[in-house]
>>> print(open('start.cif').read())   # mmCIF, C-alpha atoms
data_input
#
loop_
_atom_site.group_PDB
_atom_site.id
_atom_site.type_symbol
_atom_site.label_atom_id
_atom_site.label_comp_id
_atom_site.auth_asym_id
_atom_site.auth_seq_id
_atom_site.Cartn_x
_atom_site.Cartn_y
_atom_site.Cartn_z
ATOM 1 C CA MET A 1 0.000 0.000 0.000
ATOM 2 C CA ALA A 2 2.868 2.372 0.778
ATOM 3 C CA ALA A 3 4.273 1.905 -2.745
ATOM 4 C CA ALA A 4 0.869 2.658 -4.239
ATOM 5 C CA CYS A 5 0.547 5.812 -2.146
ATOM 6 C CA GLU A 6 3.870 7.148 -3.500
ATOM 7 C CA LYS A 7 1.973 8.029 -6.684
ATOM 8 C CA ASN A 8 -0.123 10.449 -4.619
ATOM 9 C CA ILE A 9 2.027 13.431 -5.569
ATOM 10 C CA ASP A 10 -0.692 15.962 -4.687
ATOM 11 C CA SER A 11 -1.006 14.561 -1.118
ATOM 12 C CA LEU A 12 -4.742 13.997 -1.539
ATOM 13 C CA PRO A 13 -6.720 12.168 1.167
ATOM 14 C CA ILE A 14 -6.485 8.413 0.526
ATOM 15 C CA ARG A 15 -9.568 6.260 -0.046
ATOM 16 C CA LEU A 16 -9.036 2.482 0.050
ATOM 17 C CA MET A 17 -11.539 0.655 -2.164
ATOM 18 C CA PHE A 18 -12.060 -2.986 -3.091
ATOM 19 C CA GLN A 19 -13.480 -3.705 -6.543
ATOM 20 C CA ASP A 20 -15.166 -6.781 -7.982
ATOM 21 C CA GLU A 21 -17.736 -7.787 -10.554
ATOM 22 C CA ALA A 22 -20.363 -10.503 -10.637
ATOM 23 C CA ARG A 23 -22.946 -11.987 -12.960
ATOM 24 C CA PHE A 24 -26.650 -12.154 -12.127
ATOM 25 C CA GLY A 25 -29.319 -13.729 -14.255
ATOM 26 C CA ARG A 26 -32.448 -15.781 -14.607
ATOM 27 C CA MET A 27 -31.017 -18.996 -13.217
ATOM 28 C CA SER A 28 -32.825 -19.753 -9.954
ATOM 29 C CA ASP A 29 -31.054 -19.730 -6.615
ATOM 30 C CA PRO A 30 -32.975 -22.236 -4.453
ATOM 31 C CA ARG A 31 -32.071 -21.969 -0.765
ATOM 32 C CA ARG A 32 -33.315 -23.253 2.548
ATOM 33 C CA CYS A 33 -36.302 -21.422 3.902
ATOM 34 C CA TRP A 34 -38.736 -21.662 6.770
ATOM 35 C CA ALA A 35 -42.173 -23.241 6.513
ATOM 36 C CA PRO A 36 -44.572 -24.283 9.270
ATOM 37 C CA THR A 37 -44.637 -27.969 10.197
ATOM 38 C CA PRO A 38 -45.678 -30.229 8.377
ATOM 39 C CA CYS A 39 -45.622 -28.092 5.198
ATOM 40 C CA ARG A 40 -42.772 -28.321 2.719
ATOM 41 C CA PRO A 41 -41.883 -25.079 0.921
ATOM 42 C CA VAL A 42 -42.334 -25.060 -2.844
ATOM 43 C CA VAL A 43 -39.874 -22.963 -4.799
ATOM 44 C CA GLY A 44 -39.987 -22.295 -8.543
ATOM 45 C CA LEU A 45 -37.034 -23.183 -10.728
ATOM 46 C CA VAL A 46 -35.883 -21.523 -13.923
ATOM 47 C CA LEU A 47 -32.748 -22.251 -15.988
ATOM 48 C CA VAL A 48 -32.689 -19.492 -18.607
ATOM 49 C CA ARG A 49 -29.173 -18.397 -19.570
ATOM 50 C CA GLU A 50 -29.620 -14.616 -19.632
ATOM 51 C CA PHE A 51 -27.200 -12.574 -17.574
ATOM 52 C CA VAL A 52 -26.214 -9.062 -16.603
ATOM 53 C CA TYR A 53 -22.978 -7.959 -14.910
ATOM 54 C CA VAL A 54 -22.395 -5.625 -11.996
ATOM 55 C CA TYR A 55 -19.244 -3.749 -11.072
ATOM 56 C CA VAL A 56 -18.856 -2.604 -7.462
ATOM 57 C CA ALA A 57 -16.208 -0.695 -5.567
ATOM 58 C CA VAL A 58 -16.588 -0.637 -1.812
ATOM 59 C CA SER A 59 -14.806 1.546 0.712
ATOM 60 C CA PRO A 60 -14.698 -0.409 4.001
ATOM 61 C CA HIS A 61 -13.654 2.602 6.052
ATOM 62 C CA ASP A 62 -16.913 4.507 5.583
ATOM 63 C CA GLY A 63 -19.227 1.986 3.877
ATOM 64 C CA CYS A 64 -19.364 3.857 0.574
ATOM 65 C CA LEU A 65 -20.532 1.613 -2.298
ATOM 66 C CA ASP A 66 -20.228 2.555 -5.979
ATOM 67 C CA TYR A 67 -21.880 0.245 -8.511
ATOM 68 C CA TRP A 68 -22.787 -0.041 -12.169
ATOM 69 C CA THR A 69 -24.970 -2.628 -13.942
ATOM 70 C CA ILE A 70 -23.967 -3.504 -17.517
ATOM 71 C CA PRO A 71 -24.716 -6.173 -20.136
ATOM 72 C CA LYS A 72 -21.087 -7.218 -20.691
ATOM 73 C CA MET A 73 -17.821 -7.317 -18.757
ATOM 74 C CA ASN A 74 -14.831 -6.029 -20.726
ATOM 75 C CA THR A 75 -12.041 -3.444 -20.636
ATOM 76 C CA LEU A 76 -14.220 -0.734 -22.191
ATOM 77 C CA ASN A 77 -16.822 -1.109 -19.442
ATOM 78 C CA MET A 78 -14.097 -1.255 -16.779
ATOM 79 C CA ASN A 79 -12.854 2.086 -18.153
ATOM 80 C CA GLN A 80 -16.318 3.559 -17.786
ATOM 81 C CA PHE A 81 -16.621 2.221 -14.245
ATOM 82 C CA LEU A 82 -13.235 3.715 -13.290
ATOM 83 C CA SER A 83 -14.450 7.016 -14.762
ATOM 84 C CA GLN A 84 -17.595 6.798 -12.618
ATOM 85 C CA VAL A 85 -15.537 6.139 -9.459
ATOM 86 C CA HIS A 86 -13.103 8.919 -10.394
ATOM 87 C CA LYS A 87 -15.982 11.412 -10.725
ATOM 88 C CA ALA A 88 -17.703 10.182 -7.548
ATOM 89 C CA HIS A 89 -14.636 10.880 -5.380
ATOM 90 C CA PRO A 90 -13.039 14.129 -6.568
ATOM 91 C CA GLY A 91 -10.189 15.408 -4.460
ATOM 92 C CA GLU A 92 -9.304 11.918 -3.175
ATOM 93 C CA PHE A 93 -6.533 9.499 -4.085
ATOM 94 C CA ILE A 94 -8.100 6.068 -4.611
ATOM 95 C CA VAL A 95 -6.156 2.880 -3.933
ATOM 96 C CA MET A 96 -8.337 0.271 -5.629
ATOM 97 C CA ILE A 97 -7.660 -3.369 -4.791
ATOM 98 C CA LEU A 98 -8.969 -5.831 -7.363
ATOM 99 C CA ASP A 99 -8.513 -9.317 -8.775
ATOM 100 C CA GLY A 100 -6.616 -10.281 -11.918
ATOM 101 C CA ALA A 101 -9.543 -10.390 -14.356
ATOM 102 C CA SER A 102 -8.542 -9.774 -17.963
ATOM 103 C CA SER A 103 -10.615 -6.569 -18.102
ATOM 104 C CA HIS A 104 -8.422 -5.187 -15.281
ATOM 105 C CA LYS A 105 -5.195 -5.708 -17.223
ATOM 106 C CA GLY A 106 -6.087 -4.790 -20.805
ATOM 107 C CA LYS A 107 -3.704 -2.559 -22.724
ATOM 108 C CA ASP A 108 -6.621 -0.193 -23.402
ATOM 109 C CA LEU A 109 -7.372 0.271 -19.679
ATOM 110 C CA ILE A 110 -7.416 3.949 -18.712
ATOM 111 C CA ILE A 111 -6.221 4.637 -15.175
ATOM 112 C CA TYR A 112 -6.785 8.153 -13.847
ATOM 113 C CA ASP A 113 -4.122 10.174 -12.036
ATOM 114 C CA ASN A 114 -5.963 9.870 -8.728
ATOM 115 C CA ILE A 115 -6.434 6.071 -8.983
ATOM 116 C CA VAL A 116 -3.884 3.335 -8.505
ATOM 117 C CA LEU A 117 -4.772 -0.325 -9.031
ATOM 118 C CA VAL A 118 -3.372 -2.999 -6.716
ATOM 119 C CA ARG A 119 -3.948 -6.604 -7.732
ATOM 120 C CA LEU A 120 -4.718 -9.353 -5.259
ATOM 121 C CA PRO A 121 -2.810 -12.631 -5.532
ATOM 122 C CA PRO A 122 -4.358 -15.110 -8.013
ATOM 123 C CA TYR A 123 -7.209 -17.292 -6.748
ATOM 124 C CA SER A 124 -7.736 -15.356 -3.520
ATOM 125 C CA PRO A 125 -11.343 -14.125 -3.435
ATOM 126 C CA GLU A 126 -11.321 -14.598 0.351
ATOM 127 C CA LEU A 127 -9.136 -11.454 0.576
ATOM 128 C CA ASN A 128 -11.693 -9.258 -1.194
ATOM 129 C CA PRO A 129 -14.552 -8.013 1.006
ATOM 130 C CA ALA A 130 -16.498 -6.930 -2.108
ATOM 131 C CA GLU A 131 -17.280 -10.636 -2.567
ATOM 132 C CA LEU A 132 -19.591 -10.400 0.454
ATOM 133 C CA VAL A 133 -21.719 -7.845 -1.369
ATOM 134 C CA TRP A 134 -22.634 -10.609 -3.839
ATOM 135 C CA ASN A 135 -23.451 -13.053 -1.059
ATOM 136 C CA MET A 136 -25.757 -10.541 0.611
ATOM 137 C CA LEU A 137 -27.504 -9.603 -2.646
ATOM 138 C CA ARG A 138 -28.039 -13.218 -3.637
ATOM 139 C CA LYS A 139 -29.382 -14.106 -0.209
ATOM 140 C CA ASN A 140 -31.627 -11.056 0.288
ATOM 141 C CA GLU A 141 -32.773 -10.253 -3.241
ATOM 142 C CA PHE A 142 -32.536 -13.435 -5.339
ATOM 143 C CA ALA A 143 -33.012 -16.482 -3.110
ATOM 144 C CA ASN A 144 -36.063 -18.584 -4.052
ATOM 145 C CA ARG A 145 -37.201 -16.078 -6.710
ATOM 146 C CA VAL A 146 -38.094 -16.674 -10.340
ATOM 147 C CA PHE A 147 -37.839 -13.786 -12.807
ATOM 148 C CA ASP A 148 -39.916 -13.510 -15.973
ATOM 149 C CA SER A 149 -37.366 -11.383 -17.830
ATOM 150 C CA LEU A 150 -33.858 -10.019 -17.655
ATOM 151 C CA GLU A 151 -35.378 -6.582 -17.050
ATOM 152 C CA ALA A 152 -36.973 -7.959 -13.875
ATOM 153 C CA VAL A 153 -33.548 -9.239 -12.761
ATOM 154 C CA ILE A 154 -32.004 -5.825 -13.429
ATOM 155 C CA GLY A 155 -34.813 -4.100 -11.516
ATOM 156 C CA GLN A 156 -34.355 -6.363 -8.497
ATOM 157 C CA LEU A 157 -30.580 -5.945 -8.678
ATOM 158 C CA GLU A 158 -30.796 -2.154 -8.856
ATOM 159 C CA THR A 159 -33.240 -2.103 -5.926
ATOM 160 C CA GLY A 160 -30.956 -4.300 -3.825
ATOM 161 C CA LEU A 161 -27.823 -2.319 -4.707
ATOM 162 C CA HIS A 162 -29.539 1.004 -3.997
ATOM 163 C CA THR A 163 -30.794 -0.259 -0.623
ATOM 164 C CA LEU A 164 -27.349 -1.584 0.284
ATOM 165 C CA ALA A 165 -25.526 1.576 -0.861
ATOM 166 C CA ALA A 166 -27.898 3.704 1.232
ATOM 167 C CA ASN A 167 -27.063 1.682 4.366
ATOM 168 C CA LYS A 168 -23.398 2.578 4.907
ATOM 169 C CA THR A 169 -23.385 1.028 8.386
ATOM 170 C CA THR A 170 -24.269 -2.393 6.978
ATOM 171 C CA VAL A 171 -21.694 -2.098 4.197
ATOM 172 C CA LYS A 172 -19.019 -1.067 6.702
ATOM 173 C CA SER A 173 -19.824 -3.927 9.094
ATOM 174 C CA LEU A 174 -19.808 -6.356 6.170
ATOM 175 C CA THR A 175 -16.507 -5.232 4.631
ATOM 176 C CA CYS A 176 -14.270 -3.612 7.267
ATOM 177 C CA TRP A 177 -12.339 -6.721 8.237
ATOM 178 C CA PRO A 178 -9.622 -6.666 10.938
ATOM 179 C CA TYR A 179 -6.734 -6.742 8.421
ATOM 180 C CA ILE A 180 -8.301 -3.829 6.514
ATOM 181 C CA ASN A 181 -8.836 -1.898 9.730
ATOM 182 C CA ALA A 182 -5.151 -2.449 10.556
ATOM 183 C CA ILE A 183 -4.151 -0.981 7.160
ATOM 184 C CA LEU A 184 -6.441 2.012 7.605
ATOM 185 C CA ASN A 185 -5.155 2.746 11.108
ATOM 186 C CA ALA A 186 -1.468 2.301 10.251
#
>>> encode(input="start.cif", output="structure tokens")
Amino acid sequence: MAAACEKNIDSLPIRLMFQDEARFGRMSDPRRCWAPTPCRPVVGLVLVREFVYVYVAVSPHDGCLDYWTIPKMNTLNMNQFLSQVHKAHPGEFIVMILDGASSHKGKDLIIYDNIVLVRLPPYSPELNPAELVWNMLRKNEFANRVFDSLEAVIGQLETGLHTLAANKTTVKSLTCWPYINAILNA
């Protein structure tokens, strides 16, 4: 982190963010649920292969959550997401920790002066607290639900993301892990 912060030549306040992307679609997510005895819950099942992608960047220190829903994950869309994050946090130097996805390493990737990208080791999603955003969304917004269209999926996703982004306390408690807290307080 110290090496990344050396690029902060303007001595801007530092914002640590974790970035990730996920795919949501019309494939059902059956999960355990409660039903009164002796009833057995009945859950619909759908296996339609239509998907949408979501980029998120989460700041564990204050629970800030930036997100963008898109039809495809690629370097061009990653550029647009970085632009969105850049505009959302003017006057701050952003250290963005992310995985090694190909869209994060493309030669056409545009990295702004106030953003530095730090890659996690390969195959280490357990180090990225943004992964928990997906778990919470899938559990709270998609479990045991069947969607008639991809637009319905996008609507539910946007509702869930908006609700989560508005609740900074929940985002902070979900993502501010002890090792991250140690970095922030160092």
>>> residues_around(input="start.cif", residues="segment 10-19 of chain A", least_positions_apart="3", cutoff="10 Å", atoms="only C-alpha atoms", output="PDB file with C-alpha atoms, keeping the file's coordinate frame")
ATOM      1  CA  MET A   1       0.000   0.000   0.000  1.00  0.00           C
ATOM      2  CA  CYS A   5       0.547   5.812  -2.146  1.00  0.00           C
ATOM      3  CA  GLU A   6       3.870   7.148  -3.500  1.00  0.00           C
ATOM      4  CA  LYS A   7       1.973   8.029  -6.684  1.00  0.00           C
ATOM      5  CA  TYR A  55     -19.244  -3.749 -11.072  1.00  0.00           C
ATOM      6  CA  VAL A  56     -18.856  -2.604  -7.462  1.00  0.00           C
ATOM      7  CA  ALA A  57     -16.208  -0.695  -5.567  1.00  0.00           C
ATOM      8  CA  VAL A  58     -16.588  -0.637  -1.812  1.00  0.00           C
ATOM      9  CA  SER A  59     -14.806   1.546   0.712  1.00  0.00           C
ATOM     10  CA  PRO A  60     -14.698  -0.409   4.001  1.00  0.00           C
ATOM     11  CA  HIS A  61     -13.654   2.602   6.052  1.00  0.00           C
ATOM     12  CA  ASP A  62     -16.913   4.507   5.583  1.00  0.00           C
ATOM     13  CA  GLY A  63     -19.227   1.986   3.877  1.00  0.00           C
ATOM     14  CA  CYS A  64     -19.364   3.857   0.574  1.00  0.00           C
ATOM     15  CA  LEU A  65     -20.532   1.613  -2.298  1.00  0.00           C
ATOM     16  CA  ASP A  66     -20.228   2.555  -5.979  1.00  0.00           C
ATOM     17  CA  TYR A  67     -21.880   0.245  -8.511  1.00  0.00           C
ATOM     18  CA  VAL A  85     -15.537   6.139  -9.459  1.00  0.00           C
ATOM     19  CA  HIS A  89     -14.636  10.880  -5.380  1.00  0.00           C
ATOM     20  CA  PRO A  90     -13.039  14.129  -6.568  1.00  0.00           C
ATOM     21  CA  GLY A  91     -10.189  15.408  -4.460  1.00  0.00           C
ATOM     22  CA  GLU A  92      -9.304  11.918  -3.175  1.00  0.00           C
ATOM     23  CA  PHE A  93      -6.533   9.499  -4.085  1.00  0.00           C
ATOM     24  CA  ILE A  94      -8.100   6.068  -4.611  1.00  0.00           C
ATOM     25  CA  VAL A  95      -6.156   2.880  -3.933  1.00  0.00           C
ATOM     26  CA  MET A  96      -8.337   0.271  -5.629  1.00  0.00           C
ATOM     27  CA  ILE A  97      -7.660  -3.369  -4.791  1.00  0.00           C
ATOM     28  CA  LEU A  98      -8.969  -5.831  -7.363  1.00  0.00           C
ATOM     29  CA  ASP A  99      -8.513  -9.317  -8.775  1.00  0.00           C
ATOM     30  CA  ASP A 113      -4.122  10.174 -12.036  1.00  0.00           C
ATOM     31  CA  ASN A 114      -5.963   9.870  -8.728  1.00  0.00           C
ATOM     32  CA  ILE A 115      -6.434   6.071  -8.983  1.00  0.00           C
ATOM     33  CA  LEU A 117      -4.772  -0.325  -9.031  1.00  0.00           C
ATOM     34  CA  VAL A 118      -3.372  -2.999  -6.716  1.00  0.00           C
ATOM     35  CA  LEU A 120      -4.718  -9.353  -5.259  1.00  0.00           C
ATOM     36  CA  LEU A 127      -9.136 -11.454   0.576  1.00  0.00           C
ATOM     37  CA  ASN A 128     -11.693  -9.258  -1.194  1.00  0.00           C
ATOM     38  CA  PRO A 129     -14.552  -8.013   1.006  1.00  0.00           C
ATOM     39  CA  ALA A 130     -16.498  -6.930  -2.108  1.00  0.00           C
ATOM     40  CA  GLU A 131     -17.280 -10.636  -2.567  1.00  0.00           C
ATOM     41  CA  THR A 175     -16.507  -5.232   4.631  1.00  0.00           C
ATOM     42  CA  ILE A 180      -8.301  -3.829   6.514  1.00  0.00           C
ATOM     43  CA  ILE A 183      -4.151  -0.981   7.160  1.00  0.00           C
ATOM     44  CA  LEU A 184      -6.441   2.012   7.605  1.00  0.00           C
TER      45      LEU A 184
END
>>> closest_residue(input="start.cif", among="A:Leu150, A:Val52, A:Ala22, A:Leu137", to="His162 of chain A", atoms="all atoms listed in the file")
A:Leu137
>>> resolve_selection(input="start.cif", expression="the PyMOL selection byres ((chain A and resi 142) around 9)", output="PDB file with C-alpha atoms, in the coordinates of the input")
ATOM      1  CA  SER A  28     -32.825 -19.753  -9.954  1.00  0.00           C
ATOM      2  CA  ASP A  29     -31.054 -19.730  -6.615  1.00  0.00           C
ATOM      3  CA  PRO A  30     -32.975 -22.236  -4.453  1.00  0.00           C
ATOM      4  CA  LEU A 137     -27.504  -9.603  -2.646  1.00  0.00           C
ATOM      5  CA  ARG A 138     -28.039 -13.218  -3.637  1.00  0.00           C
ATOM      6  CA  LYS A 139     -29.382 -14.106  -0.209  1.00  0.00           C
ATOM      7  CA  ASN A 140     -31.627 -11.056   0.288  1.00  0.00           C
ATOM      8  CA  GLU A 141     -32.773 -10.253  -3.241  1.00  0.00           C
ATOM      9  CA  ALA A 143     -33.012 -16.482  -3.110  1.00  0.00           C
ATOM     10  CA  ASN A 144     -36.063 -18.584  -4.052  1.00  0.00           C
ATOM     11  CA  ARG A 145     -37.201 -16.078  -6.710  1.00  0.00           C
ATOM     12  CA  VAL A 146     -38.094 -16.674 -10.340  1.00  0.00           C
ATOM     13  CA  VAL A 153     -33.548  -9.239 -12.761  1.00  0.00           C
ATOM     14  CA  GLN A 156     -34.355  -6.363  -8.497  1.00  0.00           C
ATOM     15  CA  LEU A 157     -30.580  -5.945  -8.678  1.00  0.00           C
TER      16      LEU A 157
END
>>> atom_distance(input="start.cif", atom1="atom CA of Ile111 of chain A", atom2="atom CA of Ser83 of chain A")
8.6 Å
>>> residues_near_point(input="start.cif", point="(-8.9, -11.4, -8.2)", cutoff="7 Å", atoms="only C-alpha atoms", output="MDAnalysis selection string")
chainID A and resid 98:101 119:125
>>> closest_residue(input="start.cif", among="A:Pro36, A:Gly155, A:Gly106, A:Gly25", to="Met78 of chain A", atoms="all atoms listed in the file")
A:Gly106
>>> resolve_selection(input="start.cif", expression="the PyMOL selection byres ((chain A and resi 77) around 12)", output="list in words")
Glu21, Tyr53, Val54, Tyr55, Trp68, Thr69, Ile70, Pro71, Lys72, Met73, Asn74, Thr75, Leu76, Met78, Asn79, Gln80, Phe81, Leu82, Ser83, Gln84, Ser103, His104, Gly106, Asp108, Leu109 and Ile110 of chain A
>>> closest_residue(input="start.cif", among="A:Ala182, A:Ala35, A:Val116, A:Leu174", to="Trp134 of chain A", atoms="all atoms listed in the file")
A:Leu174
>>> atom_distance(input="start.cif", atom1="atom CA of Ser102 of chain A", atom2="atom CA of Arg23 of chain A")
15.4 Å
>>> atom_distance(input="start.cif", atom1="atom CA of Glu50 of chain A", atom2="atom CA of Glu151 of chain A")
10.2 Å
>>> closest_residue(input="start.cif", among="A:Pro41, A:Met136, A:Pro178, A:Ser173", to="Leu161 of chain A", atoms="only C-alpha atoms")
A:Met136
>>> closest_residue(input="start.cif", among="A:Ile154, A:Tyr112, A:Lys105, A:Val133", to="Val171 of chain A", atoms="only C-alpha atoms")
A:Val133
>>> closest_residue(input="start.cif", among="A:Asn135, A:Ser149, A:Arg40, A:Cys176", to="Arg26 of chain A", atoms="all atoms listed in the file")
A:Ser149
